[in-house]
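Okay, start.cif is below, mmCIF, C-alpha atoms:
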data_coords
loop_
_atom_site.label_atom_id
_atom_site.label_comp_id
_atom_site.auth_asym_id
_atom_site.auth_seq_id
_atom_site.Cartn_x
_atom_site.Cartn_y
_atom_site.Cartn_z
CA ASN A 1 -2.10 30.19 -20.48
CA PRO A 2 -3.30 26.83 -19.02
CA VAL A 3 -6.82 28.19 -18.51
CA HIS A 4 -7.27 28.42 -22.29
CA SER A 5 -5.79 24.98 -23.04
CA CYS A 6 -9.11 23.17 -22.62
CA SER A 7 -12.58 24.24 -23.64
CA LYS A 8 -14.35 22.02 -21.10
CA LEU A 9 -14.71 22.38 -17.33
CA TYR A 10 -15.08 18.62 -16.66
CA CYS A 11 -13.52 15.66 -18.43
CA SER A 12 -17.01 14.17 -18.61
CA ASP A 13 -18.35 17.06 -20.72
CA ILE A 14 -17.78 14.91 -23.82
CA GLY A 15 -21.02 13.16 -22.83
CA LYS A 16 -22.93 16.31 -23.77
CA ALA A 17 -22.11 15.57 -27.41
CA PHE A 18 -24.40 12.54 -27.38
CA SER A 19 -26.82 13.64 -24.62
CA ALA A 20 -25.61 11.14 -22.04
CA PRO A 21 -26.63 11.85 -18.47
CA ILE A 22 -23.63 12.92 -16.38
CA LEU A 23 -23.58 12.35 -12.64
CA HIS A 24 -20.91 14.16 -10.63
CA CYS A 25 -20.20 12.79 -7.16
CA ASN A 26 -17.64 13.27 -4.40
CA GLY A 27 -15.38 10.23 -4.09
CA ASP A 28 -15.18 10.75 -0.31
CA ASP A 29 -18.95 10.31 0.02
CA LEU A 30 -19.58 6.57 -0.13
CA LEU A 31 -23.36 6.94 -0.25
CA ALA A 32 -23.19 9.45 -3.11
CA VAL A 33 -20.92 7.13 -5.13
CA SER A 34 -23.16 4.14 -4.41
CA CYS A 35 -26.30 6.08 -5.34
CA ALA A 36 -24.73 7.38 -8.58
CA MET A 37 -23.63 3.90 -9.61
CA GLU A 38 -26.99 2.33 -8.78
CA MET A 39 -28.86 5.09 -10.63
CA SER A 40 -26.63 4.75 -13.69
CA MET A 41 -27.11 0.96 -13.80
CA LYS A 42 -30.89 1.29 -13.51
CA TYR A 43 -30.92 3.93 -16.25
CA HIS A 44 -28.78 1.77 -18.53
CA HIS A 45 -30.95 -1.29 -17.83
CA GLU A 46 -34.19 0.61 -18.46
CA TRP A 47 -33.19 2.64 -21.51
CA GLY A 48 -30.12 0.84 -22.88
CA LEU A 49 -28.18 4.09 -22.97
CA ASP A 50 -24.85 5.03 -21.43
CA VAL A 51 -24.42 7.16 -18.33
CA ILE A 52 -21.22 8.92 -17.28
CA VAL A 53 -20.35 8.94 -13.58
CA ASP A 54 -17.73 11.59 -12.88
CA MET A 55 -16.29 10.74 -9.49
CA ILE A 56 -14.29 13.66 -8.10
CA CYS A 57 -11.48 12.16 -6.05
CA TYR A 58 -7.71 11.83 -5.74
CA ARG A 59 -5.07 9.12 -5.83
CA CYS A 60 -3.43 8.87 -2.44
CA LEU A 61 -0.37 7.04 -3.82
CA GLY A 62 0.24 8.96 -7.03
CA HIS A 63 -0.26 7.89 -10.64
CA ASN A 64 1.47 4.52 -10.46
CA GLU A 65 3.71 2.38 -8.30
CA LEU A 66 6.86 4.10 -9.52
CA ASP A 67 5.61 7.64 -8.96
CA GLN A 68 6.58 9.47 -5.78
CA PRO A 69 4.08 12.33 -5.78
CA LEU A 70 5.78 14.15 -2.89
CA PHE A 71 8.54 15.10 -5.37
CA THR A 72 6.26 16.35 -8.13
CA GLN A 73 3.42 17.87 -6.06
CA PRO A 74 4.62 18.29 -2.46
CA LYS A 75 1.92 20.69 -1.21
CA LEU A 76 -0.95 18.65 -2.61
CA TYR A 77 0.29 15.31 -1.30
CA LYS A 78 1.14 16.75 2.10
CA ALA A 79 -2.53 17.75 2.37
CA ILE A 80 -3.65 14.34 1.05
CA SER A 81 -1.52 12.52 3.63
CA LYS A 82 -3.42 14.35 6.38
CA HIS A 83 -6.80 13.51 4.81
CA SER A 84 -8.73 10.64 6.42
CA SER A 85 -9.50 7.59 4.33
CA MET A 86 -13.02 7.01 3.07
CA LEU A 87 -13.35 4.01 5.38
CA GLN A 88 -12.44 6.10 8.42
CA MET A 89 -14.82 8.91 7.43
CA TYR A 90 -17.73 6.54 6.75
CA LYS A 91 -17.15 4.62 9.99
CA LEU A 92 -17.11 7.90 11.95
CA CYS A 93 -20.30 9.04 10.21
CA LEU A 94 -22.11 5.79 11.08
CA ILE A 95 -20.96 6.01 14.71
CA GLU A 96 -21.97 9.68 15.03
CA GLU A 97 -25.42 8.95 13.58
CA GLY A 98 -25.88 6.08 16.02
CA ILE A 99 -26.19 3.49 13.26
CA MET A 100 -23.18 1.54 14.47
CA MET A 101 -21.13 1.33 17.66
CA GLU A 102 -17.32 1.48 17.77
CA GLU A 103 -17.16 -2.15 18.92
CA GLU A 104 -19.27 -3.25 15.94
CA SER A 105 -16.96 -1.47 13.52
CA LYS A 106 -13.94 -3.20 15.07
CA GLU A 107 -15.69 -6.58 14.79
CA ILE A 108 -16.55 -5.94 11.13
CA CYS A 109 -12.97 -4.92 10.34
CA LYS A 110 -11.61 -7.96 12.17
CA PHE A 111 -14.04 -10.31 10.41
CA THR A 112 -13.20 -8.80 7.00
CA LEU A 113 -9.44 -9.06 7.50
CA GLU A 114 -9.75 -12.65 8.77
CA SER A 115 -11.88 -13.47 5.73
CA TYR A 116 -9.23 -12.01 3.41
CA GLU A 117 -6.49 -14.00 5.16
CA SER A 118 -8.56 -17.19 4.95
CA ASP A 119 -9.24 -16.67 1.25
CA LEU A 120 -5.54 -16.03 0.63
CA ALA A 121 -4.62 -19.26 2.43
CA SER A 122 -7.26 -21.14 0.40
CA SER A 123 -5.90 -19.74 -2.84
CA ARG A 124 -2.48 -21.15 -1.98
CA ASP A 125 -4.07 -24.59 -1.53
CA TYR A 126 -5.67 -24.28 -4.97
CA GLN A 127 -2.29 -23.39 -6.42
CA LYS A 128 -0.91 -26.70 -5.11
CA ILE A 129 -3.80 -28.54 -6.78
CA PHE A 130 -3.23 -26.69 -10.07
CA ASN A 131 0.47 -27.52 -9.96
CA ALA A 132 -0.33 -31.20 -9.34
CA CYS A 133 -2.73 -31.17 -12.30
CA HIS A 134 -0.08 -29.68 -14.58
CA THR A 135 2.45 -32.28 -13.43
CA MET A 136 -0.01 -35.12 -14.11
CA ALA A 137 -0.91 -33.72 -17.53
CA ASP A 138 2.71 -33.20 -18.52
CA SER A 139 3.80 -36.68 -17.44
CA ARG A 140 0.68 -38.35 -18.91
CA LYS A 141 1.01 -40.97 -16.18
CA ASN A 142 -0.89 -41.65 -12.96
CA ILE A 143 -3.73 -39.29 -13.84
CA ASP A 144 -6.06 -38.80 -10.88
CA TRP A 145 -9.48 -38.14 -12.39
CA GLY A 146 -10.82 -37.08 -8.98
CA THR A 147 -8.58 -34.01 -8.84
CA SER A 148 -11.21 -31.87 -10.56
CA GLU A 149 -13.63 -32.78 -7.78
CA ALA A 150 -11.15 -31.48 -5.20
CA MET A 151 -11.38 -28.08 -6.80
#

Take the structure in the file and give it back as structure tokens.
Amino acid sequence: NPVHSCSKLYCSDIGKAFSAPILHCNGDDLLAVSCAMEMSMKYHHEWGLDVIVDMICYRCLGHNELDQPLFTQPKLYKAISKHSSMLQMYKLCLIEEGIMMEEESKEICKFTLESYESDLASSRDYQKIFNACHTMADSRKNIDWGTSEAM
């Protein structure tokens, strides 16, 4: 019987063996996760002891890139596919509480995506510089000592 296969209710119960504080939080609640992480860092900094944060959540894309969870757990992943993302839920919560307007959320999303695209483009430029450095080092000729300054 699978109920009797494990003596613990939570995977984090191992922390009870060495009296570590255990914080359980809902992975869909961004503020709860943030609070649990901040509290655990402060505790660790103050006392030098470990804290276990047990975040109850799910993987929307299965266990790995090769896994197609709709084959192995069709009912569960059908429900997960209908579940809103944490970003959507948090944005809706902020709008409903009057903390943020819909237009502001769109501007933030646009700014963030543009920032990611800009950083990706910049990383490609750095790759060109790295390749040039490798070529110079391999050839041991025409070494441009200013290349490190370009980085």

Requested in this report: Please provide as an MDAnalysis selection string all residues within 7 Å of stretch 12-22 of chain A, with the sequence filter that same-chain residues fewer than 6 positions apart are discarded (counting all atoms listed in the file).
Outcome: chainID A and resid 50:54

Based on the selection just made, write C-alpha atoms of those residues as a CSV table (one decimal), in the coordinates of the input.
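Output (selection-v9.csv):
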chain,number,residue,atom,x,y,z
A,50,ASP,CA,-24.8,5.0,-21.4
A,51,VAL,CA,-24.4,7.2,-18.3
A,52,ILE,CA,-21.2,8.9,-17.3
A,53,VAL,CA,-20.4,8.9,-13.6
A,54,ASP,CA,-17.7,11.6,-12.9

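Using the PyMOL selection byres ((chain A and resi 55) around 6) on the file at hand returns these residues: His24, Cys25, Asn26, Gly27, Asp54 and Ile56 of chain A.
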
Would you save the residues of that selection, restricted to C-alpha atoms, as a PDB file, in the frame of the given file?
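Output below, filename selection.pdb:
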ATOM      1  CA  HIS A  24     -20.910  14.160 -10.630  1.00  0.00           C
ATOM      2  CA  CYS A  25     -20.200  12.790  -7.160  1.00  0.00           C
ATOM      3  CA  ASN A  26     -17.640  13.270  -4.400  1.00  0.00           C
ATOM      4  CA  GLY A  27     -15.380  10.230  -4.090  1.00  0.00           C
ATOM      5  CA  ASP A  54     -17.730  11.590 -12.880  1.00  0.00           C
ATOM      6  CA  ILE A  56     -14.290  13.660  -8.100  1.00  0.00           C
TER       7      ILE A  56
END

Requested in this report: Run the PyMOL selection byres ((chain A and resi 86) around 9) on the file and write out the hits as a ChimeraX atom specification.
Outcome: /A:27-30,84-85,87-91

Query raised in the report: Excluding same-chain residues fewer than 4 positions from A:Pro69, what lies within 12 Å of it counting only C-alpha atoms, as a PyMOL selection string?
Result: chain A and resi 58-65+73-81

Query raised in the report: Of the candidates A:Cys93, A:Asp119, A:Cys11, A:Met37, which one gets nearest to A:Leu23 if we count all atoms listed in the file?
Result: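 Result for the nearest residue to A:Leu23: A:Met37.
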
Query raised in the report: Quick one: distance from atom CA of A:Leu94 to atom CA of A:Lys42 in Å, one decimal?
Result: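 These atoms are spaced 26.5 Å apart.
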